[in-house]
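Take a look at the structure set out below.
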Amino acid sequence: MLRARILDIDRYLTYEDWIEMSAQSRHGSPADPLTVGVIGAGRVGAVLGAALRAAGHRVVAASGVSGAAKGRIARLLPGTANLPADDVARAATDLLVVAVPDDALVTVVDGLAGTGALHPGQVVLHTSGAHGLAVLAPAAIAGARPLALHPAMTFTGTAADLDRLPGISYGITAPADLKSFAEDLVHDLGGSPEWVPEADRALYHAALAHGANHLVTLVNEALDRLRDAGVVYPEKVLGPLLHASLDNTLRLRDAALTGPVSRGDAGTVARHLATLREIAPDSVPAYLALARRTADRAIAAGRLKPRDAEALLDVLATDKQERVA
């Protein structure tokens with residue numbers, strides 16, 4: 001059971017008890033629910049709090065200062081006390097979820113440890129993809145048990161997010177004695193655990209940000225350029241193409257690549273760059289960077305023969321030299 005696993009196993013449980021409980025797999029509501037607090041009722045924190053409550057755990061307190069955060073607590077965690085962070089930490093006797101921005105995490109954890117709000121045996125979990133366990137060192141010194149658990153999903157901070165959680169992966173970095181606890185917690189949320197070594201957290205997060213966050217920028221750039229071209233409903237034009245491209249890429253990887261770069265159509269790419277310089281010059285650097293990287297991958301995958309890429313690479317290199325000049 002999750003709550004039992006939080007206890008100091010050397011003091012409260014035999015090794016055999018621990019192994020037996022680690023082997024258990026639960027579905028549905030937990031038999032012994034956790035008492036949970038959430039610091040940071042942002043898009044992630046409020047939704048995970050709601051998901052934990054839906055799984056049968058007791059979310060007794062949350063912290064939210066802004067109007068938006070207070071609104072999320074009211075909508076997603078109705079009846080949950082909105083308390084200062086220190087009081088949330090004290091109320092969360094089993095599990096404290098710290099869901100604050102990456103750059104604020106160090107300050108928040110230091111503050112909680114410094115005020116004595118944390119206590120031995122309590123699991124302190126942060127949701128940052130970029131950080132591992134090191135950022136929770138002050139909590140560990142205070143006797144709490146550190147856990148990094150990052151949901152690999154984009155959040156809006158609304159109830160619609162709850163429908164997206166089943167089946168997603170969680171990037172977990174955990175000490176050995178918390179791995180079973182973390183796995184059960186993810187299963188309670190309907191997700192799948194993905195174990196990420198401490199040293200690889202930054203790389204793991206960079207990959208997700210590159211794929212998801214930059215995708216938003218790329219799609220919006222494409223929508224804007226379609227509007228510039230006079231397309232009335234760019235979402236309708238682009239939607240089916242993007243869905244097919246994403247599906248093909250997830251299945252086929254580089255073999256899904258199509259378009260002028262993969263064919264080595266230097267003339268077409270040159271015309272793209274010329275019209276972008278005229279209509280949307282701010283889009284040129286991103287187009288160039290992606291075109292060069294696409295050419296590299298196409299060549300490495302055998303989709304584009306080096307001799308067929310020469311003219312294309314000349315266009316991209318020439319454009320770079322012109323911009324530097």
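If you're wondering about the labels, chains in the structure tokens are A, B, ... by order shown, residues count from 1 in each chain, ligands from 1 in order shown.
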Test item, strand (DSSP E) assignment across stretch 17-199 of chain A, answer as a ChimeraX atom specification: /A:35-39,58-63,81-82,95-98,123-126,145-151,169-173,192-195
Just to be explicit: take each residue in the selection above, keep C-alpha atoms, and write the result as a compact mmCIF listing (two decimals), in the first residue's frame.
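The resulting file, selection-v1.txt, is shown below:
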# COMPACT_ATOMS: atom_id res chain seq x y z
CA THR A 35 -3.08 12.48 2.66
CA VAL A 36 -1.87 14.88 -0.01
CA GLY A 37 -1.08 18.57 -0.32
CA VAL A 38 -0.33 20.53 -3.50
CA ILE A 39 1.95 23.56 -3.57
CA ARG A 58 -7.25 12.75 0.16
CA VAL A 59 -6.10 16.13 -1.13
CA VAL A 60 -6.47 18.19 2.02
CA ALA A 61 -4.82 21.48 1.06
CA ALA A 62 -3.46 23.44 -1.88
CA SER A 63 -1.72 26.77 -2.30
CA ALA A 81 -8.45 24.41 1.74
CA ASN A 82 -6.35 27.11 0.06
CA LEU A 95 2.63 13.20 0.08
CA LEU A 96 3.50 16.78 -0.79
CA VAL A 97 3.31 17.68 -4.49
CA VAL A 98 5.43 20.72 -5.38
CA VAL A 123 7.30 12.09 0.43
CA VAL A 124 8.10 15.39 -1.29
CA LEU A 125 7.42 15.07 -5.00
CA HIS A 126 8.16 17.70 -7.62
CA ARG A 145 11.76 11.43 1.05
CA PRO A 146 12.54 12.94 -2.38
CA LEU A 147 10.80 11.98 -5.63
CA ALA A 148 10.90 13.53 -9.11
CA LEU A 149 7.81 12.64 -11.15
CA HIS A 150 7.11 14.51 -14.38
CA PRO A 151 3.96 13.96 -16.45
CA SER A 169 4.15 8.42 -19.37
CA TYR A 170 5.74 9.88 -16.25
CA GLY A 171 9.47 10.54 -16.14
CA ILE A 172 10.52 9.28 -12.71
CA THR A 173 13.75 9.68 -10.81
CA SER A 192 3.10 4.39 -17.27
CA PRO A 193 6.41 4.86 -15.44
CA GLU A 194 9.51 5.79 -17.40
CA TRP A 195 12.68 5.67 -15.31
Just want the 9 Å neighbourhood of A:Thr294, counted on only C-alpha atoms, with same-chain residues fewer than 5 positions away dropped. Output as a short mmCIF file (atom, residue, chain, number, x, y, z; two decimals) with C-alpha atoms, in the first residue's frame.
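File written: out-v9.cif
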data_model
loop_
_atom_site.label_atom_id
_atom_site.label_comp_id
_atom_site.auth_asym_id
_atom_site.auth_seq_id
_atom_site.Cartn_x
_atom_site.Cartn_y
_atom_site.Cartn_z
CA LEU A 257 9.96 12.46 -44.31
CA VAL A 261 14.26 19.03 -48.72
CA SER A 262 13.99 15.23 -48.76
CA ALA A 289 17.69 25.85 -39.21
CA ILE A 299 21.08 12.16 -45.87
#
Which of A:Ala152, A:Val232, A:Ala174, A:Leu162 sits closest to A:Ala134 [using only C-alpha atoms]: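 Looking only at the distances to A:Ala134, the closest residue turns out to be A:Ala174.
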Interatomic distance (Å, one decimal) between atom CA of A:Asp296 and atom CA of A:Thr249: 16.4 Å
Who sits within 12 Å of A:Thr154, only C-alpha atoms, same chain under 6 positions skipped, as a PyMOL selection string: chain A and resi 43-44+47+129+160-162+164-165+168-169+208-209+211-213+215-216
Would you export the selected residues with C-alpha atoms as a PDB file, in the first residue's frame, please?
ATOM      1  CA  ARG A  43      -1.928  24.040 -14.779  1.00  0.00           C
ATOM      2  CA  VAL A  44      -0.061  20.921 -13.664  1.00  0.00           C
ATOM      3  CA  VAL A  47      -4.872  18.798 -12.458  1.00  0.00           C
ATOM      4  CA  GLY A 129      10.970  17.558 -15.996  1.00  0.00           C
ATOM      5  CA  ALA A 160     -10.313  18.484 -19.991  1.00  0.00           C
ATOM      6  CA  ASP A 161      -6.758  17.568 -18.968  1.00  0.00           C
ATOM      7  CA  LEU A 162      -8.060  14.729 -16.816  1.00  0.00           C
ATOM      8  CA  ARG A 164      -5.707  13.092 -21.377  1.00  0.00           C
ATOM      9  CA  LEU A 165      -3.938  11.558 -18.394  1.00  0.00           C
ATOM     10  CA  ILE A 168       0.596   8.988 -20.565  1.00  0.00           C
ATOM     11  CA  SER A 169       4.152   8.418 -19.368  1.00  0.00           C
ATOM     12  CA  LEU A 208      10.150  16.884 -24.627  1.00  0.00           C
ATOM     13  CA  ALA A 209      10.398  20.663 -24.889  1.00  0.00           C
ATOM     14  CA  GLY A 211       9.193  18.131 -29.543  1.00  0.00           C
ATOM     15  CA  ALA A 212       6.137  19.647 -27.858  1.00  0.00           C
ATOM     16  CA  ASN A 213       6.837  23.317 -27.133  1.00  0.00           C
ATOM     17  CA  LEU A 215       5.904  22.201 -32.231  1.00  0.00           C
ATOM     18  CA  VAL A 216       3.433  24.828 -31.009  1.00  0.00           C
TER      19      VAL A 216
END
Atom-to-atom span, atom CA of A:Ser283 and atom CA of A:Leu241, Å: 20.3 Å
Backbone-only DSSP, helix (DSSP H, G or I) members of stretch 1-247 of chain A, as JSON, numbers by chain: {"A": [2, 3, 4, 5, 6, 9, 10, 11, 12, 15, 16, 17, 18, 19, 20, 21, 22, 43, 44, 45, 46, 47, 48, 49, 50, 51, 52, 53, 54, 67, 68, 69, 70, 71, 72, 73, 74, 75, 76, 85, 86, 87, 88, 89, 90, 91, 102, 103, 104, 105, 106, 107, 108, 109, 110, 111, 112, 113, 114, 134, 135, 136, 137, 138, 139, 140, 141, 159, 160, 161, 162, 163, 176, 177, 178, 179, 180, 181, 182, 183, 184, 185, 186, 187, 188, 198, 199, 200, 201, 202, 203, 204, 205, 206, 207, 208, 209, 210, 211, 212, 213, 214, 215, 216, 217, 218, 219, 220, 221, 222, 223, 224, 225, 226, 227, 228, 234, 235, 236, 237, 238, 239, 240, 241, 242, 243, 244, 245, 246, 247]}
Only C-alpha atoms, please: the residues just picked out, written as a compact mmCIF listing (two decimals), in the first residue's frame.
# COMPACT_ATOMS: atom_id res chain seq x y z
CA LEU A 2 1.25 3.46 -0.83
CA ARG A 3 0.93 4.95 2.62
CA ALA A 4 2.75 2.07 4.27
CA ARG A 5 5.55 2.43 1.73
CA ILE A 6 6.16 5.98 2.89
CA ILE A 9 11.15 0.55 6.13
CA ASP A 10 14.13 -0.15 8.38
CA ARG A 11 12.11 0.92 11.38
CA TYR A 12 8.57 -0.18 10.63
CA TYR A 15 12.46 -6.59 4.24
CA GLU A 16 10.06 -9.44 3.45
CA ASP A 17 7.07 -7.20 4.14
CA TRP A 18 8.51 -4.57 1.82
CA ILE A 19 9.06 -7.04 -1.02
CA GLU A 20 5.55 -8.46 -0.61
CA MET A 21 3.97 -5.00 -0.70
CA SER A 22 6.14 -3.96 -3.65
CA ARG A 43 -1.93 24.04 -14.78
CA VAL A 44 -0.06 20.92 -13.66
CA GLY A 45 -0.52 20.99 -9.90
CA ALA A 46 -4.26 21.50 -9.85
CA VAL A 47 -4.87 18.80 -12.46
CA LEU A 48 -2.64 16.23 -10.76
CA GLY A 49 -4.31 17.04 -7.46
CA ALA A 50 -7.70 16.40 -9.04
CA ALA A 51 -6.43 13.16 -10.57
CA LEU A 52 -5.07 11.96 -7.23
CA ARG A 53 -8.37 12.75 -5.58
CA ALA A 54 -10.25 10.91 -8.32
CA GLY A 67 -6.83 34.68 -9.28
CA ALA A 68 -6.22 31.96 -11.84
CA ALA A 69 -4.80 29.58 -9.22
CA LYS A 70 -7.68 30.23 -6.85
CA GLY A 71 -10.08 29.53 -9.69
CA ARG A 72 -8.40 26.19 -10.47
CA ILE A 73 -8.64 25.13 -6.84
CA ALA A 74 -12.32 26.02 -6.79
CA ARG A 75 -13.07 24.18 -10.04
CA LEU A 76 -10.75 21.17 -9.85
CA ALA A 85 2.71 26.84 1.22
CA ASP A 86 4.12 26.09 4.68
CA ASP A 87 0.70 25.10 5.99
CA VAL A 88 0.07 22.90 2.95
CA ALA A 89 3.35 21.10 3.65
CA ARG A 90 2.38 20.52 7.26
CA ALA A 91 -1.07 19.22 6.32
CA ASP A 102 11.51 25.06 -12.66
CA ASP A 103 13.41 28.19 -11.69
CA ALA A 104 11.35 28.64 -8.51
CA LEU A 105 11.77 25.08 -7.29
CA VAL A 106 15.06 25.59 -5.44
CA THR A 107 13.72 28.60 -3.54
CA VAL A 108 10.46 26.88 -2.61
CA VAL A 109 12.13 23.70 -1.35
CA ASP A 110 14.74 25.68 0.59
CA GLY A 111 11.99 27.76 2.16
CA LEU A 112 9.91 24.77 3.21
CA ALA A 113 12.92 23.05 4.75
CA GLY A 114 14.07 26.22 6.46
CA ALA A 134 19.36 17.00 -6.25
CA VAL A 135 16.99 19.97 -6.04
CA LEU A 136 15.18 18.20 -3.19
CA ALA A 137 18.34 17.83 -1.07
CA PRO A 138 17.10 20.29 1.60
CA ALA A 139 13.91 18.23 1.96
CA ALA A 140 15.93 15.03 2.30
CA ILE A 141 18.11 16.63 4.98
CA ALA A 159 -10.96 19.47 -16.36
CA ALA A 160 -10.31 18.48 -19.99
CA ASP A 161 -6.76 17.57 -18.97
CA LEU A 162 -8.06 14.73 -16.82
CA ASP A 163 -9.24 12.92 -19.94
CA ALA A 176 15.66 2.73 -4.72
CA ASP A 177 13.35 2.47 -1.73
CA LEU A 178 10.72 4.72 -3.36
CA LYS A 179 10.54 3.06 -6.77
CA SER A 180 7.62 0.81 -5.87
CA PHE A 181 5.79 3.74 -4.30
CA ALA A 182 6.35 5.86 -7.41
CA GLU A 183 5.22 3.06 -9.70
CA ASP A 184 2.00 2.55 -7.73
CA LEU A 185 1.32 6.28 -7.69
CA VAL A 186 1.67 6.44 -11.48
CA HIS A 187 -0.62 3.44 -11.85
CA ASP A 188 -3.18 5.22 -9.64
CA GLU A 198 19.43 11.71 -12.41
CA ALA A 199 22.19 12.69 -14.85
CA ASP A 200 19.80 12.51 -17.82
CA ARG A 201 16.96 14.70 -16.55
CA ALA A 202 18.05 17.77 -18.54
CA LEU A 203 18.35 15.73 -21.75
CA TYR A 204 14.98 14.08 -21.13
CA HIS A 205 13.33 17.45 -20.63
CA ALA A 206 15.09 19.05 -23.57
CA ALA A 207 13.71 16.31 -25.82
CA LEU A 208 10.15 16.88 -24.63
CA ALA A 209 10.40 20.66 -24.89
CA HIS A 210 11.95 20.43 -28.34
CA GLY A 211 9.19 18.13 -29.54
CA ALA A 212 6.14 19.65 -27.86
CA ASN A 213 6.84 23.32 -27.13
CA HIS A 214 8.64 24.02 -30.37
CA LEU A 215 5.90 22.20 -32.23
CA VAL A 216 3.43 24.83 -31.01
CA THR A 217 5.66 27.57 -32.37
CA LEU A 218 6.21 25.76 -35.66
CA VAL A 219 2.50 25.13 -36.21
CA ASN A 220 1.60 28.73 -35.40
CA GLU A 221 4.24 29.92 -37.85
CA ALA A 222 2.71 27.71 -40.55
CA LEU A 223 -0.80 28.97 -39.73
CA ASP A 224 0.39 32.58 -39.96
CA ARG A 225 2.05 32.04 -43.33
CA LEU A 226 -1.11 30.37 -44.69
CA ARG A 227 -3.09 33.42 -43.61
CA ASP A 228 -0.52 35.60 -45.38
CA PRO A 234 -5.65 27.61 -42.26
CA GLU A 235 -6.50 25.18 -39.44
CA LYS A 236 -8.69 23.20 -41.82
CA VAL A 237 -5.94 23.04 -44.42
CA LEU A 238 -3.12 22.22 -42.03
CA GLY A 239 -4.89 19.93 -39.56
CA PRO A 240 -5.14 16.73 -41.63
CA LEU A 241 -1.61 17.18 -42.95
CA LEU A 242 -0.13 17.61 -39.47
CA HIS A 243 -2.06 14.71 -37.99
CA ALA A 244 -0.88 12.41 -40.79
CA SER A 245 2.69 13.67 -40.53
CA LEU A 246 2.83 13.14 -36.76
CA ASP A 247 1.28 9.69 -36.98
Separation of atom CA of A:Asp254 from atom CA of A:Arg277, in Å and rounded to one decimal: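 Spanning atom CA of A:Asp254 to atom CA of A:Arg277 is a straight-line distance of 28.5 Å.
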A:Gly143, A:Pro84, A:Gly64, A:Pro197 ranked by distance to A:Ala130, top pick (using only C-alpha atoms):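 Selected residue with least distance to A:Ala130: A:Pro197.
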